[in-house]
Protein chains: 2
Amino acid sequence: MLPPATFHILLALADDDRHGYAIIQDIAARTGGELKLSAGTLYRSIQRMLEQGLITETRERPRPEDDDERRRYYRITPDGTAAAKAEARRLGQLVKMARAAGFAPGKA
Amino acid sequence: MLPPATFHILLALADDDRHGYAIIQDIAARTGGELKLSAGTLYRSIQRMLEQGLITETRERPRPEDDDERRRYYRITPDGTAAAKAEARRLGQLVKMARAAGFAPGKA
DNA sequence: GGAGGATATATCCACAGTGGCTATAGTTGA
DNA sequence: TCAACTATAGCCACTGTGGATATATCCTCC
C-alpha cells in the first residue's frame with residue numbers, strides 16, 4: 001500500500017524526469033485541479049522515496065537557457081516502476097469491487 | 001478522499017447489514033487475505049462514520065438462534081452510498097492514469 | 001530599478017488515520 | 001478444563017498529510 005502522494009509522484013515521473021515544483025503542477029493538471037499536493041508533503045515524500053530507492057536524482061540538466069539552477073530533477077527507478085505497478089493492480093481490484101457493489105458503472 | 005478503511009467498510013455493507021467483526025472478515029475474504037483490518041481501526045472508523053451519517057446502527061436482528069447478543073449491526077445510508085460512489089469515481093480515474101502511464105494493462 | 005508575484009526547495013507543527021496491544025467477556029470445540 | 005475464536009472497545013505510538021513559515025531566485029510590469 002503506497003501512500004497516495006507517493007503514487008501520484010510516480011505517475012508524474014512515469015513519462016519524464018521532473019523537478020519537485022513541476023511534479024506538483026503535473027498532479028494538479030492530471031486531476032483537473034482536484035489534488036494540489038502541498039509542498040510539505042511533496043518534499044518529504046521525495047526524501048522518503050529517495051531513501052527507498054523508488055526514484056533517483058539525475059545529473060542531467062536541460063539546456064542552460066531552459067534551466068533554473070534551483071531545480072532538482074528526479075527519475076523513476078525500476079523499483080519505483082514495480083511499486084507503481086503493484087499499486088495500480090491493487091487499485092484496479094478495488095475498482096472492480098466497487099463495480100460489483102454497484103458503486104461504479106459497469107465497465108462496458 | 002475517503003480514508004481507505006472507510007471505503008472498505010462501505011463496500012462490506014453494500015449488499016447486506018453486517019456487524020463489526022463480520023466486516024473485518026468480509027474485507028479479508030474480498031481481498032484474499034491481503035487486507036486484515038485491525039480491530040482498533042474498524043471500531044474507530046465505525047464511530048466516525050456514524051457521526052458523519054455514512055452508516056446507521058440497525059435495530060433489526062437475525063432470528064434468535066442465529067444471533068449473538070454482543071453484535072451491533074450497521075447499515076449503509078444514502079449519504080454513505082453517495083460517498084462510496086464519489087470515491088469509486090476517483091479511484092477509477094486513478095486507474096485510468098495508471099494505464100496511460102503504462103503501470104497497468106490496457107483495459108482490453 | 002523597484003515591487004510584486006510566481007518559481008523553487010526545505011523545515012516545522014499539528015492533526016488524522018492506522019496498526020498493534022490490552023481489556024473484557026461470551027461462545028465453541030477438543 | 002482449557003484454548004481458540006467471536007465480539008466490542010480503548011490506548012499508545014507511528015506515518016502521512018496540510019498548512020504555515022523561511023529563504024532565495026526568477027520574471028514581468030510599471
# chains A, B, ... in the order shown; residues from 1 in each chain; ligands from 1

$ interface_residues --of "chain B" --to "chain A" --cutoff "9 Å" --atoms "only C-alpha atoms" --output "PyMOL selection string"
chain B and resi 8+11-12+14-15+30-31+81-82+84-89+91-95+97-99+101-104

$ write_last_selection --atoms "N, CA and C atoms" --output "mmCIF file, in the first residue's frame"
data_model
loop_
_atom_site.group_PDB
_atom_site.id
_atom_site.type_symbol
_atom_site.label_atom_id
_atom_site.label_comp_id
_atom_site.auth_asym_id
_atom_site.auth_seq_id
_atom_site.Cartn_x
_atom_site.Cartn_y
_atom_site.Cartn_z
ATOM 1 N N HIS B 8 -13.539 0.531 2.428
ATOM 2 C CA HIS B 8 -13.682 -0.917 2.544
ATOM 3 C C HIS B 8 -14.908 -1.284 3.383
ATOM 4 N N LEU B 11 -17.942 -0.855 1.271
ATOM 5 C CA LEU B 11 -18.041 -1.983 0.331
ATOM 6 C C LEU B 11 -18.638 -3.207 1.035
ATOM 7 N N ALA B 12 -18.202 -3.425 2.265
ATOM 8 C CA ALA B 12 -18.674 -4.599 3.008
ATOM 9 C C ALA B 12 -20.158 -4.489 3.343
ATOM 10 N N ALA B 14 -22.360 -2.847 1.448
ATOM 11 C CA ALA B 14 -23.123 -2.541 0.233
ATOM 12 C C ALA B 14 -24.277 -3.513 0.016
ATOM 13 N N ASP B 15 -24.028 -4.796 0.192
ATOM 14 C CA ASP B 15 -25.044 -5.796 -0.123
ATOM 15 C C ASP B 15 -25.888 -6.214 1.070
ATOM 16 N N ARG B 30 -12.726 -10.629 0.663
ATOM 17 C CA ARG B 30 -12.720 -9.912 -0.605
ATOM 18 C C ARG B 30 -11.318 -9.713 -1.152
ATOM 19 N N THR B 31 -10.382 -9.419 -0.255
ATOM 20 C CA THR B 31 -9.019 -9.095 -0.686
ATOM 21 C C THR B 31 -8.114 -10.324 -0.676
ATOM 22 N N THR B 81 -23.722 5.760 0.527
ATOM 23 C CA THR B 81 -23.685 5.293 -0.861
ATOM 24 C C THR B 81 -23.110 6.373 -1.772
ATOM 25 N N ALA B 82 -23.530 7.608 -1.540
ATOM 26 C CA ALA B 82 -23.038 8.721 -2.360
ATOM 27 C C ALA B 82 -21.530 8.892 -2.181
ATOM 28 N N ALA B 84 -19.392 6.633 -1.277
ATOM 29 C CA ALA B 84 -18.716 5.482 -1.882
ATOM 30 C C ALA B 84 -18.639 5.638 -3.403
ATOM 31 N N LYS B 85 -19.721 6.154 -4.002
ATOM 32 C CA LYS B 85 -19.723 6.360 -5.451
ATOM 33 C C LYS B 85 -18.683 7.400 -5.861
ATOM 34 N N ALA B 86 -18.608 8.469 -5.102
ATOM 35 C CA ALA B 86 -17.630 9.520 -5.400
ATOM 36 C C ALA B 86 -16.211 8.965 -5.294
ATOM 37 N N GLU B 87 -15.980 8.160 -4.281
ATOM 38 C CA GLU B 87 -14.650 7.577 -4.086
ATOM 39 C C GLU B 87 -14.333 6.579 -5.205
ATOM 40 N N ALA B 88 -15.335 5.809 -5.605
ATOM 41 C CA ALA B 88 -15.134 4.845 -6.690
ATOM 42 C C ALA B 88 -14.758 5.575 -7.986
ATOM 43 N N ARG B 89 -15.390 6.705 -8.198
ATOM 44 C CA ARG B 89 -15.110 7.515 -9.387
ATOM 45 C C ARG B 89 -13.647 8.012 -9.348
ATOM 46 N N LEU B 91 -11.123 6.707 -7.725
ATOM 47 C CA LEU B 91 -10.211 5.576 -7.900
ATOM 48 C C LEU B 91 -10.173 5.126 -9.349
ATOM 49 N N GLY B 92 -11.315 5.187 -10.012
ATOM 50 C CA GLY B 92 -11.381 4.816 -11.419
ATOM 51 C C GLY B 92 -10.494 5.720 -12.258
ATOM 52 N N GLN B 93 -10.510 6.997 -11.953
ATOM 53 C CA GLN B 93 -9.663 7.943 -12.695
ATOM 54 C C GLN B 93 -8.185 7.677 -12.428
ATOM 55 N N LEU B 94 -7.897 7.301 -11.190
ATOM 56 C CA LEU B 94 -6.516 6.988 -10.822
ATOM 57 C C LEU B 94 -6.022 5.780 -11.625
ATOM 58 N N VAL B 95 -6.875 4.767 -11.756
ATOM 59 C CA VAL B 95 -6.505 3.573 -12.517
ATOM 60 C C VAL B 95 -6.315 3.935 -13.990
ATOM 61 N N MET B 97 -5.283 6.791 -15.141
ATOM 62 C CA MET B 97 -3.970 7.450 -15.229
ATOM 63 C C MET B 97 -2.855 6.415 -15.195
ATOM 64 N N ALA B 98 -3.022 5.401 -14.351
ATOM 65 C CA ALA B 98 -2.010 4.347 -14.246
ATOM 66 C C ALA B 98 -1.877 3.607 -15.577
ATOM 67 N N ARG B 99 -3.003 3.381 -16.263
ATOM 68 C CA ARG B 99 -2.960 2.719 -17.573
ATOM 69 C C ARG B 99 -2.211 3.583 -18.574
ATOM 70 N N ALA B 101 0.019 5.614 -18.029
ATOM 71 C CA ALA B 101 1.441 5.670 -17.674
ATOM 72 C C ALA B 101 2.139 4.338 -17.907
ATOM 73 N N GLY B 102 1.347 3.325 -18.286
ATOM 74 C CA GLY B 102 1.934 2.010 -18.536
ATOM 75 C C GLY B 102 2.124 1.178 -17.276
ATOM 76 N N PHE B 103 1.478 1.566 -16.186
ATOM 77 C CA PHE B 103 1.592 0.827 -14.926
ATOM 78 C C PHE B 103 0.542 -0.270 -14.810
ATOM 79 N N ALA B 104 -0.441 -0.233 -15.713
ATOM 80 C CA ALA B 104 -1.498 -1.257 -15.684
ATOM 81 C C ALA B 104 -1.813 -1.666 -17.115
#

$ closest_atom_pairs --of "chain C" --to "chain B" --cutoff "10 Å" --atoms "only C-alpha atoms (C1' of nucleotides)" --output "JSON lines"
{"residue": "C:DA16", "atom": "C1'", "partner": "B:Pro3", "partner_atom": "CA", "distance": 9.5}
{"residue": "C:DG17", "atom": "C1'", "partner": "B:Pro3", "partner_atom": "CA", "distance": 7.1}
{"residue": "C:DT18", "atom": "C1'", "partner": "B:Thr41", "partner_atom": "CA", "distance": 6.2}
{"residue": "C:DG19", "atom": "C1'", "partner": "B:Ser38", "partner_atom": "CA", "distance": 6.4}
{"residue": "C:DG20", "atom": "C1'", "partner": "B:Ser38", "partner_atom": "CA", "distance": 7.9}
{"residue": "C:DC21", "atom": "C1'", "partner": "B:Gly40", "partner_atom": "CA", "distance": 9.8}
{"residue": "C:DA25", "atom": "C1'", "partner": "B:Arg70", "partner_atom": "CA", "distance": 9.4}
{"residue": "C:DG26", "atom": "C1'", "partner": "B:Arg70", "partner_atom": "CA", "distance": 8.0}
{"residue": "C:DT27", "atom": "C1'", "partner": "B:Asp68", "partner_atom": "CA", "distance": 9.2}

$ interface_residues --of "chain D" --to "chain A" --cutoff "8 Å" --atoms "only C-alpha atoms (C1' of nucleotides)" --output "list of chain:residue names"
D:DG16, D:DT17, D:DG18, D:DG19, D:DT25

$ residues_around --residues "B:Arg75" --least-positions-apart "6" --cutoff "7 Å" --atoms "only C-alpha atoms (C1' of nucleotides)" --output "number ranges by chain"
B: 13, 17, 55-58

$ write_last_selection --atoms "N, CA and C atoms" --output "mmCIF file, in the first residue's frame"
data_model
loop_
_atom_site.group_PDB
_atom_site.id
_atom_site.type_symbol
_atom_site.label_atom_id
_atom_site.label_comp_id
_atom_site.auth_asym_id
_atom_site.auth_seq_id
_atom_site.Cartn_x
_atom_site.Cartn_y
_atom_site.Cartn_z
ATOM 1 N N LEU B 13 -20.642 -3.247 3.481
ATOM 2 C CA LEU B 13 -22.045 -3.040 3.851
ATOM 3 C C LEU B 13 -22.946 -2.829 2.632
ATOM 4 N N ASP B 17 -26.548 -5.740 5.692
ATOM 5 C CA ASP B 17 -26.182 -5.232 7.013
ATOM 6 C C ASP B 17 -25.192 -6.215 7.625
ATOM 7 N N ILE B 55 -23.238 5.627 7.870
ATOM 8 C CA ILE B 55 -23.875 4.371 8.258
ATOM 9 C C ILE B 55 -24.774 4.629 9.478
ATOM 10 N N THR B 56 -25.697 3.704 9.726
ATOM 11 C CA THR B 56 -26.509 3.773 10.946
ATOM 12 C C THR B 56 -26.520 2.409 11.599
ATOM 13 N N GLU B 57 -26.800 2.394 12.889
ATOM 14 C CA GLU B 57 -26.936 1.120 13.568
ATOM 15 C C GLU B 57 -28.381 0.684 13.410
ATOM 16 N N THR B 58 -28.612 -0.585 13.071
ATOM 17 C CA THR B 58 -29.973 -1.058 12.842
ATOM 18 C C THR B 58 -30.504 -1.736 14.101
#

$ atom_distance --atom1 "atom C1' of D:DA7" --atom2 "atom CA of B:Gly80"
24.1 Å

$ select_by_dssp --residues "chain A" --states "helix (DSSP H, G or I)" --output "PyMOL selection string"
chain A and resi 4-13+20-30+39-52+64-66+78-100

$ residues_around --residues "stretch 1-4 of chain C" --least-positions-apart "5" --cutoff "12 Å" --atoms "only C-alpha atoms (C1' of nucleotides)" --output "list in words"
DC27, DT28, DC29 and DC30 of chain D

$ residues_around --residues "D:DA4" --least-positions-apart "3" --cutoff "12 Å" --atoms "only C-alpha atoms (C1' of nucleotides)" --output "PyMOL selection string"
chain C and resi 27-30

$ select_by_dssp --residues "chain B" --states "strand (DSSP E)" --output "number ranges by chain"
B: 18-19, 55-57, 73-76

$ write_last_selection --atoms "C-alpha atoms" --output "tab-separated table (two decimals), in the first residue's frame"
chain	number	residue	atom	x	y	z
B	18	ARG	CA	-23.23	-6.54	8.97
B	19	HIS	CA	-21.76	-6.33	12.45
B	55	ILE	CA	-23.87	4.37	8.26
B	56	THR	CA	-26.51	3.77	10.95
B	57	GLU	CA	-26.94	1.12	13.57
B	73	TYR	CA	-25.35	-4.34	13.18
B	74	TYR	CA	-24.72	-1.49	10.75
B	75	ARG	CA	-26.38	-0.37	7.52
B	76	ILE	CA	-25.16	1.97	4.80

$ atom_distance --atom1 "atom CA of A:Pro78" --atom2 "atom C1' of C:DT11"
29.8 Å

$ decode --residues "chain C" --atoms "C-alpha atoms (C1' of nucleotides)" --output "mmCIF file, in the first residue's frame"
data_model
loop_
_atom_site.group_PDB
_atom_site.id
_atom_site.type_symbol
_atom_site.label_atom_id
_atom_site.label_comp_id
_atom_site.auth_asym_id
_atom_site.auth_seq_id
_atom_site.Cartn_x
_atom_site.Cartn_y
_atom_site.Cartn_z
ATOM 1 C "C1'" DG C 1 15.286 49.945 -10.856
ATOM 2 C "C1'" DG C 2 11.844 48.518 -7.811
ATOM 3 C "C1'" DA C 3 7.811 45.963 -6.460
ATOM 4 C "C1'" DG C 4 5.122 42.001 -6.569
ATOM 5 C "C1'" DG C 5 4.097 37.564 -7.793
ATOM 6 C "C1'" DA C 6 5.432 33.131 -9.432
ATOM 7 C "C1'" DT C 7 9.030 29.662 -9.041
ATOM 8 C "C1'" DA C 8 11.716 26.503 -6.155
ATOM 9 C "C1'" DT C 9 13.270 23.974 -2.162
ATOM 10 C "C1'" DA C 10 13.042 22.901 2.691
ATOM 11 C "C1'" DT C 11 11.642 22.640 7.631
ATOM 12 C "C1'" DC C 12 8.290 22.876 11.381
ATOM 13 C "C1'" DC C 13 3.892 21.963 13.850
ATOM 14 C "C1'" DA C 14 -0.445 19.916 14.464
ATOM 15 C "C1'" DC C 15 -3.782 16.661 13.082
ATOM 16 C "C1'" DA C 16 -5.998 12.405 11.036
ATOM 17 C "C1'" DG C 17 -5.916 7.532 10.172
ATOM 18 C "C1'" DT C 18 -3.791 3.317 11.155
ATOM 19 C "C1'" DG C 19 -1.739 -0.972 13.462
ATOM 20 C "C1'" DG C 20 -0.989 -3.425 17.347
ATOM 21 C "C1'" DC C 21 -1.599 -4.127 22.239
ATOM 22 C "C1'" DT C 22 -4.547 -4.610 26.086
ATOM 23 C "C1'" DA C 23 -9.034 -5.324 28.340
ATOM 24 C "C1'" DT C 24 -13.339 -7.630 28.839
ATOM 25 C "C1'" DA C 25 -16.344 -11.225 28.104
ATOM 26 C "C1'" DG C 26 -19.283 -14.696 25.855
ATOM 27 C "C1'" DT C 27 -19.022 -18.985 22.676
ATOM 28 C "C1'" DT C 28 -17.333 -23.239 20.778
ATOM 29 C "C1'" DG C 29 -14.986 -27.340 20.497
ATOM 30 C "C1'" DA C 30 -11.212 -30.643 21.748
#
